[in-house]
$ cat model33.cif   # mmCIF, C-alpha atoms
data_query
#
loop_
_atom_site.label_atom_id
_atom_site.label_comp_id
_atom_site.auth_asym_id
_atom_site.auth_seq_id
_atom_site.Cartn_x
_atom_site.Cartn_y
_atom_site.Cartn_z
CA MET A 731 -57.76 -48.07 -13.17
CA ALA A 732 -56.57 -47.20 -16.59
CA PHE A 733 -58.14 -43.76 -16.29
CA SER A 734 -56.51 -43.07 -12.94
CA SER A 735 -53.12 -44.16 -14.19
CA PHE A 736 -53.61 -41.98 -17.24
CA ILE A 737 -54.18 -38.90 -14.99
CA SER A 738 -51.50 -39.66 -12.39
CA GLN A 739 -48.68 -39.88 -14.93
CA PRO A 740 -48.97 -36.23 -16.15
CA LEU A 741 -49.43 -35.02 -12.58
CA SER A 742 -46.31 -36.77 -11.36
CA SER A 743 -44.30 -35.45 -14.27
CA SER A 744 -45.58 -31.92 -13.60
CA LEU A 745 -44.69 -32.16 -9.94
CA THR A 746 -41.22 -33.39 -10.86
CA MET A 747 -40.69 -30.41 -13.18
CA MET A 748 -41.92 -28.01 -10.48
CA LYS A 749 -39.49 -29.46 -7.94
CA ARG A 750 -36.64 -29.08 -10.40
CA ASN A 751 -37.56 -25.42 -11.05
CA ILE A 752 -37.77 -24.71 -7.32
CA SER A 753 -34.39 -26.35 -6.75
CA ALA A 754 -32.89 -24.26 -9.55
CA LYS A 755 -34.27 -21.06 -8.04
CA ARG A 756 -32.95 -22.00 -4.62
CA SER A 757 -29.49 -22.70 -6.00
CA GLU A 758 -29.46 -19.24 -7.60
CA LEU A 759 -30.39 -17.59 -4.33
CA CYS A 760 -27.92 -19.60 -2.21
CA LEU A 761 -24.98 -17.25 -2.60
CA ASP A 762 -21.97 -17.07 -0.35
CA SER A 763 -23.18 -16.00 3.10
CA SER A 764 -19.83 -14.31 3.80
CA LYS A 765 -20.48 -11.81 1.01
CA ILE A 766 -24.23 -11.04 1.18
CA ARG A 767 -27.10 -11.40 3.60
CA LEU A 768 -30.77 -11.80 2.53
CA ASP A 769 -33.08 -9.65 4.60
CA HIS A 770 -36.77 -10.65 4.20
CA ARG A 771 -39.08 -7.98 5.55
CA TRP A 772 -42.84 -7.52 5.36
CA SER A 773 -44.87 -4.40 6.02
CA PHE A 774 -48.48 -3.36 5.60
CA ILE A 775 -47.48 -0.60 3.21
CA GLY A 776 -44.85 -2.19 1.00
CA GLY A 777 -45.78 -5.87 1.38
CA SER A 778 -43.11 -8.52 1.23
CA ARG A 779 -39.63 -7.38 0.25
CA ILE A 780 -36.21 -8.99 -0.06
CA SER A 781 -33.13 -6.79 0.14
CA VAL A 782 -29.51 -7.79 -0.29
CA GLN A 783 -27.09 -6.25 2.20
CA SER A 784 -23.35 -6.58 2.41
CA ASN A 785 -22.14 -8.72 5.29
CA VAL A 786 -18.78 -7.59 6.62
CA SER A 787 -16.82 -10.50 7.96
CA SER A 788 -15.37 -10.54 11.45
CA ASN A 789 -11.84 -10.38 10.02
CA SER A 790 -12.61 -7.19 8.09
CA TYR A 791 -14.18 -5.65 11.19
CA THR A 792 -11.08 -6.54 13.19
CA VAL A 793 -8.83 -4.87 10.61
CA VAL A 794 -10.96 -1.70 10.55
CA ARG A 795 -11.05 -1.61 14.35
CA LYS A 796 -7.28 -1.99 14.54
CA LYS A 797 -6.80 0.84 12.05
CA PHE A 798 -9.13 3.11 14.01
CA SER A 799 -7.35 2.25 17.25
CA GLY A 800 -4.01 3.04 15.62
CA VAL A 801 -5.24 6.43 14.43
CA ARG A 802 -6.62 7.21 17.87
CA ALA A 803 -3.37 6.20 19.55
CA SER A 804 -1.42 8.33 17.09
CA TRP A 805 -3.68 11.31 17.81
CA LEU A 806 -3.13 10.93 21.56
CA THR A 807 0.62 10.77 21.04
CA THR A 808 0.50 13.93 18.93
CA SER A 809 -1.54 15.72 21.58
CA GLN A 810 0.94 14.71 24.27
CA ILE A 811 3.85 15.95 22.16
CA ALA A 812 2.14 19.30 21.63
CA SER A 813 1.46 19.67 25.36
CA SER A 814 5.02 18.73 26.31
CA VAL A 815 6.64 21.13 23.85
CA PHE A 816 4.23 23.86 24.97
CA ALA A 817 5.34 23.41 28.58
CA VAL A 818 9.05 23.20 27.71
CA GLY A 819 8.91 26.37 25.60
CA THR A 820 7.09 28.33 28.31
CA THR A 821 9.48 27.29 31.07
CA THR A 822 12.47 28.07 28.85
CA VAL A 823 11.73 31.80 28.58
CA LEU A 824 10.57 32.45 32.15
CA PRO A 825 14.07 32.57 33.75
CA PHE A 826 15.17 35.26 31.28
CA TYR A 827 12.16 37.46 32.03
CA THR A 828 12.72 36.91 35.74
CA LEU A 829 16.33 38.10 35.50
CA MET A 830 15.41 41.18 33.45
CA VAL A 831 12.74 42.18 35.98
CA VAL A 832 14.35 41.19 39.29
CA ALA A 833 18.00 42.02 38.56
CA PRO A 834 18.20 44.08 35.36
CA LYS A 835 21.68 45.47 36.09
CA ALA A 836 23.31 42.27 37.33
CA GLU A 837 26.16 40.81 35.31
CA ILE A 838 24.54 37.41 35.10
CA THR A 839 21.46 39.02 33.54
CA LYS A 840 23.54 40.85 30.96
CA LYS A 841 25.42 37.68 30.02
CA CYS A 842 22.24 35.62 29.79
CA MET A 843 20.54 38.17 27.55
CA GLU A 844 23.53 38.19 25.24
CA SER A 845 23.26 34.44 24.79
CA SER A 846 21.59 32.94 21.75
CA ILE A 847 20.86 29.59 23.42
CA PRO A 848 17.16 30.25 24.18
CA TYR A 849 16.49 31.23 20.57
CA ILE A 850 18.19 28.09 19.30
CA ILE A 851 16.16 25.89 21.66
CA LEU A 852 12.90 27.58 20.77
CA GLY A 853 13.77 27.55 17.08
CA VAL A 854 14.36 23.80 17.13
CA LEU A 855 11.11 23.20 19.01
CA TYR A 856 9.23 25.38 16.54
CA ALA A 857 10.71 23.58 13.52
CA TYR A 858 9.80 20.23 15.07
CA LEU A 859 6.19 21.24 15.70
CA LEU A 860 5.95 22.81 12.27
CA TYR A 861 7.06 19.54 10.71
CA LEU A 862 4.50 17.54 12.69
CA SER A 863 1.64 19.94 12.05
CA TRP A 864 2.29 20.46 8.35
CA THR A 865 -0.37 19.01 6.02
CA PRO A 866 -1.06 19.36 2.30
CA GLU A 867 -3.80 21.85 3.18
CA THR A 868 -1.60 24.16 5.27
CA LEU A 869 -0.68 26.45 2.39
CA LYS A 870 -4.30 26.37 1.23
CA TYR A 871 -5.42 27.68 4.62
CA MET A 872 -2.65 30.29 4.76
CA PHE A 873 -3.45 31.70 1.31
CA SER A 874 -7.13 30.93 0.99
CA SER A 875 -8.27 34.12 -0.74
CA LYS A 876 -8.45 34.51 -4.51
CA TYR A 877 -5.62 37.05 -4.27
CA MET A 878 -3.36 34.49 -2.56
CA LEU A 879 -3.60 36.37 0.75
CA PRO A 880 -4.45 35.02 4.22
CA GLU A 881 -8.06 35.08 5.36
CA LEU A 882 -9.36 34.85 8.89
CA SER A 883 -11.53 31.80 8.14
CA GLY A 884 -8.58 29.91 6.68
CA ILE A 885 -6.32 30.79 9.60
CA ALA A 886 -9.04 29.65 12.02
CA LYS A 887 -9.21 26.26 10.28
CA MET A 888 -5.44 25.95 10.34
CA PHE A 889 -5.29 26.61 14.11
CA SER A 890 -7.99 24.06 14.87
CA SER A 891 -5.18 21.54 15.47
CA GLU A 892 -3.42 21.38 18.86
CA MET A 893 -0.09 20.85 17.13
CA THR A 894 -0.52 24.01 15.07
CA LEU A 895 -1.54 25.96 18.17
CA ALA A 896 1.53 24.75 20.04
CA SER A 897 3.80 25.79 17.15
CA ALA A 898 2.16 29.23 17.07
CA TRP A 899 2.75 29.57 20.83
CA ILE A 900 6.45 28.77 20.41
CA HIS A 901 6.56 31.32 17.59
CA LEU A 902 5.11 33.97 19.90
CA LEU A 903 7.54 33.10 22.68
CA VAL A 904 10.51 33.63 20.36
CA VAL A 905 9.26 36.96 19.04
CA ASP A 906 8.25 38.22 22.49
CA LEU A 907 11.58 37.31 24.07
CA PHE A 908 13.50 38.92 21.25
CA ALA A 909 11.47 42.12 21.60
CA ALA A 910 11.91 42.09 25.38
CA ARG A 911 15.67 41.76 24.96
CA GLN A 912 15.70 44.72 22.60
CA VAL A 913 13.75 46.78 25.14
CA TYR A 914 16.08 45.65 27.93
CA ASN A 915 19.28 46.49 26.01
CA ASP A 916 17.92 49.87 24.96
CA GLY A 917 17.06 50.63 28.57
CA LEU A 918 20.58 49.78 29.71
CA GLU A 919 22.10 51.91 26.97
CA ASN A 920 19.94 54.96 27.66
CA GLN A 921 19.49 54.51 31.43
CA ILE A 922 15.74 53.96 31.15
CA GLU A 923 13.54 51.88 33.42
CA THR A 924 12.39 48.82 31.48
CA ARG A 925 11.02 46.37 34.04
CA HIS A 926 7.39 47.29 33.40
CA SER A 927 7.86 47.21 29.64
CA VAL A 928 9.67 43.85 29.77
CA SER A 929 6.87 42.39 31.89
CA LEU A 930 4.32 43.56 29.35
CA CYS A 931 6.36 41.99 26.54
CA LEU A 932 5.87 38.59 28.14
CA LEU A 933 2.09 38.73 27.87
CA PHE A 934 1.28 41.60 25.51
CA CYS A 935 4.37 42.20 23.40
CA PRO A 936 3.08 45.11 21.25
CA VAL A 937 1.85 46.89 24.38
CA GLY A 938 5.26 46.38 26.01
CA ILE A 939 7.03 47.93 23.00
CA VAL A 940 4.69 50.92 23.05
CA SER A 941 5.20 51.23 26.81
CA HIS A 942 8.95 51.41 26.31
CA PHE A 943 8.68 54.10 23.64
CA VAL A 944 6.37 56.18 25.85
CA THR A 945 8.69 55.76 28.85
CA LYS A 946 11.69 56.74 26.76
CA ALA A 947 9.94 59.83 25.41
CA ILE A 948 8.87 60.95 28.89
CA ILE A 949 12.39 60.57 30.32
CA ASN A 950 13.96 62.41 27.37
CA ASN A 951 11.54 65.31 27.82
CA GLN A 952 12.27 65.50 31.54
CA SER A 953 16.01 65.55 30.93
CA LYS A 954 15.64 68.54 28.62
#

$ encode --input "model33.cif" --output "structure tokens"
Amino acid sequence: MAFSSFISQPLSSSLTMMKRNISAKRSELCLDSSKIRLDHRWSFIGGSRISVQSNVSSNSYTVVRKKFSGVRASWLTTSQIASSVFAVGTTTVLPFYTLMVVAPKAEITKKCMESSIPYIILGVLYAYLLYLSWTPETLKYMFSSKYMLPELSGIAKMFSSEMTLASAWIHLLVVDLFAARQVYNDGLENQIETRHSVSLCLLFCPVGIVSHFVTKAIINNQSK
């Protein structure tokens, strides 16, 4: 009995120390579950492995989801604005082209073409779209070469946005209408047919200008 008690005392003390060490190790590993997650995996190749992964809380996920939804909603609103301004700009210039082609010598056509209202409307729409489409990288795309000159690749990146495309379309409408008015007024002054050239200015402005110059040269040669 004395021998057994002599052996059991060291064993019990050893077991007590082992339990304390295990408890200490467990307390070190029991970190906040809201911050980390222990992932115990075993494989034939790598054996047993414990990896610590970040555990995103539901509140953080909700915040991120709300931010993403807000960005998406903002993008849809921007797309709708671009489409609306595109349609308004196109419908604004069509009556003026119609008058110049259908009734080029009518008084109402002459008065309408003398007006600056369409250019003011289109100018305001263009400035609005330019403001919305402007980013810190706009100038970088416009002058992307080492000589501070535009490059095709930079312009292509700049026009990858619907807002930028809509502003460019308004820009073209203003220039085309102004050129068509110049062709129309020159035709009235020199008694030259301009309906075909004005029609071309609506879709292919440079071709319409060339068409007017060719028409004018042909008529001047015939009059001689």

$ atom_distance --input "model33.cif" --atom1 "CA of Thr865 (chain A)" --atom2 "CA of Leu852 (chain A)"
21.6 Å

$ closest_residue --input "model33.cif" --among "A:Val815, A:Ala910, A:Cys931, A:Ile949" --to "Leu859 (chain A)" --atoms "all atoms listed in the file"
A:Val815

$ resolve_selection --input "model33.cif" --expression "the PyMOL selection byres ((chain A and resi 845-848) around 10)" --output "short mmCIF file (atom, residue, chain, number, x, y, z; two decimals) with C-alpha atoms, keeping the file's coordinate frame"
data_model
loop_
_atom_site.label_atom_id
_atom_site.label_comp_id
_atom_site.auth_asym_id
_atom_site.auth_seq_id
_atom_site.Cartn_x
_atom_site.Cartn_y
_atom_site.Cartn_z
CA GLY A 819 8.91 26.37 25.60
CA THR A 822 12.47 28.07 28.85
CA VAL A 823 11.73 31.80 28.58
CA PHE A 826 15.17 35.26 31.28
CA LYS A 840 23.54 40.85 30.96
CA LYS A 841 25.42 37.68 30.02
CA CYS A 842 22.24 35.62 29.79
CA MET A 843 20.54 38.17 27.55
CA GLU A 844 23.53 38.19 25.24
CA TYR A 849 16.49 31.23 20.57
CA ILE A 850 18.19 28.09 19.30
CA ILE A 851 16.16 25.89 21.66
CA LEU A 852 12.90 27.58 20.77
CA GLY A 853 13.77 27.55 17.08
CA VAL A 854 14.36 23.80 17.13
CA VAL A 904 10.51 33.63 20.36
CA LEU A 907 11.58 37.31 24.07
CA PHE A 908 13.50 38.92 21.25
#

$ resolve_selection --input "model33.cif" --expression "the PyMOL selection byres ((chain A and resi 913) around 8)" --output "NGL selection string"
:A and (909-912 or 914-917 or 924 or 927-928 or 939 or 942)

$ closest_residue --input "model33.cif" --among "A:Ala836, A:Pro880, A:Ser891, A:Ser874" --to "Leu860 (chain A)" --atoms "only C-alpha atoms"
A:Ser891

$ atom_distance --input "model33.cif" --atom1 "CA of Leu869 (chain A)" --atom2 "CA of Met888 (chain A)"
9.3 Å

$ closest_residue --input "model33.cif" --among "A:Thr839, A:Thr820, A:Ser929, A:Thr894" --to "Tyr861 (chain A)" --atoms "all atoms listed in the file"
A:Thr894

$ atom_distance --input "model33.cif" --atom1 "CA of Val905 (chain A)" --atom2 "CA of Tyr827 (chain A)"
13.3 Å

$ residues_around --input "model33.cif" --residues "Ile885 (chain A)" --least-positions-apart "3" --cutoff "12 Å" --atoms "all atoms listed in the file" --output "PyMOL selection string"
chain A and resi 867-875+879-882+888-891+894-895+898

$ resolve_selection --input "model33.cif" --expression "the PyMOL selection byres ((chain A and resi 816) around 10)" --output "JSON, numbers by chain"
{"A": [810, 811, 812, 813, 814, 815, 817, 818, 819, 820, 821, 855, 856, 859, 893, 895, 896, 897, 898, 899, 900]}

$ closest_residue --input "model33.cif" --among "A:Leu862, A:Phe934, A:Glu923, A:Ala857" --to "His901 (chain A)" --atoms "all atoms listed in the file"
A:Ala857

$ residues_around --input "model33.cif" --residues "Ala947 (chain A)" --least-positions-apart "5" --cutoff "12 Å" --atoms "all atoms listed in the file" --output "list in words"
Asn920, Ile922, Glu923, Val940, Ser941, His942, Gln952, Ser953 and Lys954 of chain A

$ write_last_selection --input "model33.cif" --atoms "C-alpha atoms" --output "compact mmCIF listing (two decimals), in the frame of the given file"
# COMPACT_ATOMS: atom_id res chain seq x y z
CA ASN A 920 19.94 54.96 27.66
CA ILE A 922 15.74 53.96 31.15
CA GLU A 923 13.54 51.88 33.42
CA VAL A 940 4.69 50.92 23.05
CA SER A 941 5.20 51.23 26.81
CA HIS A 942 8.95 51.41 26.31
CA GLN A 952 12.27 65.50 31.54
CA SER A 953 16.01 65.55 30.93
CA LYS A 954 15.64 68.54 28.62

$ closest_residue --input "model33.cif" --among "A:Val937, A:Val831, A:Lys946, A:Asn951" --to "Glu919 (chain A)" --atoms "all atoms listed in the file"
A:Lys946
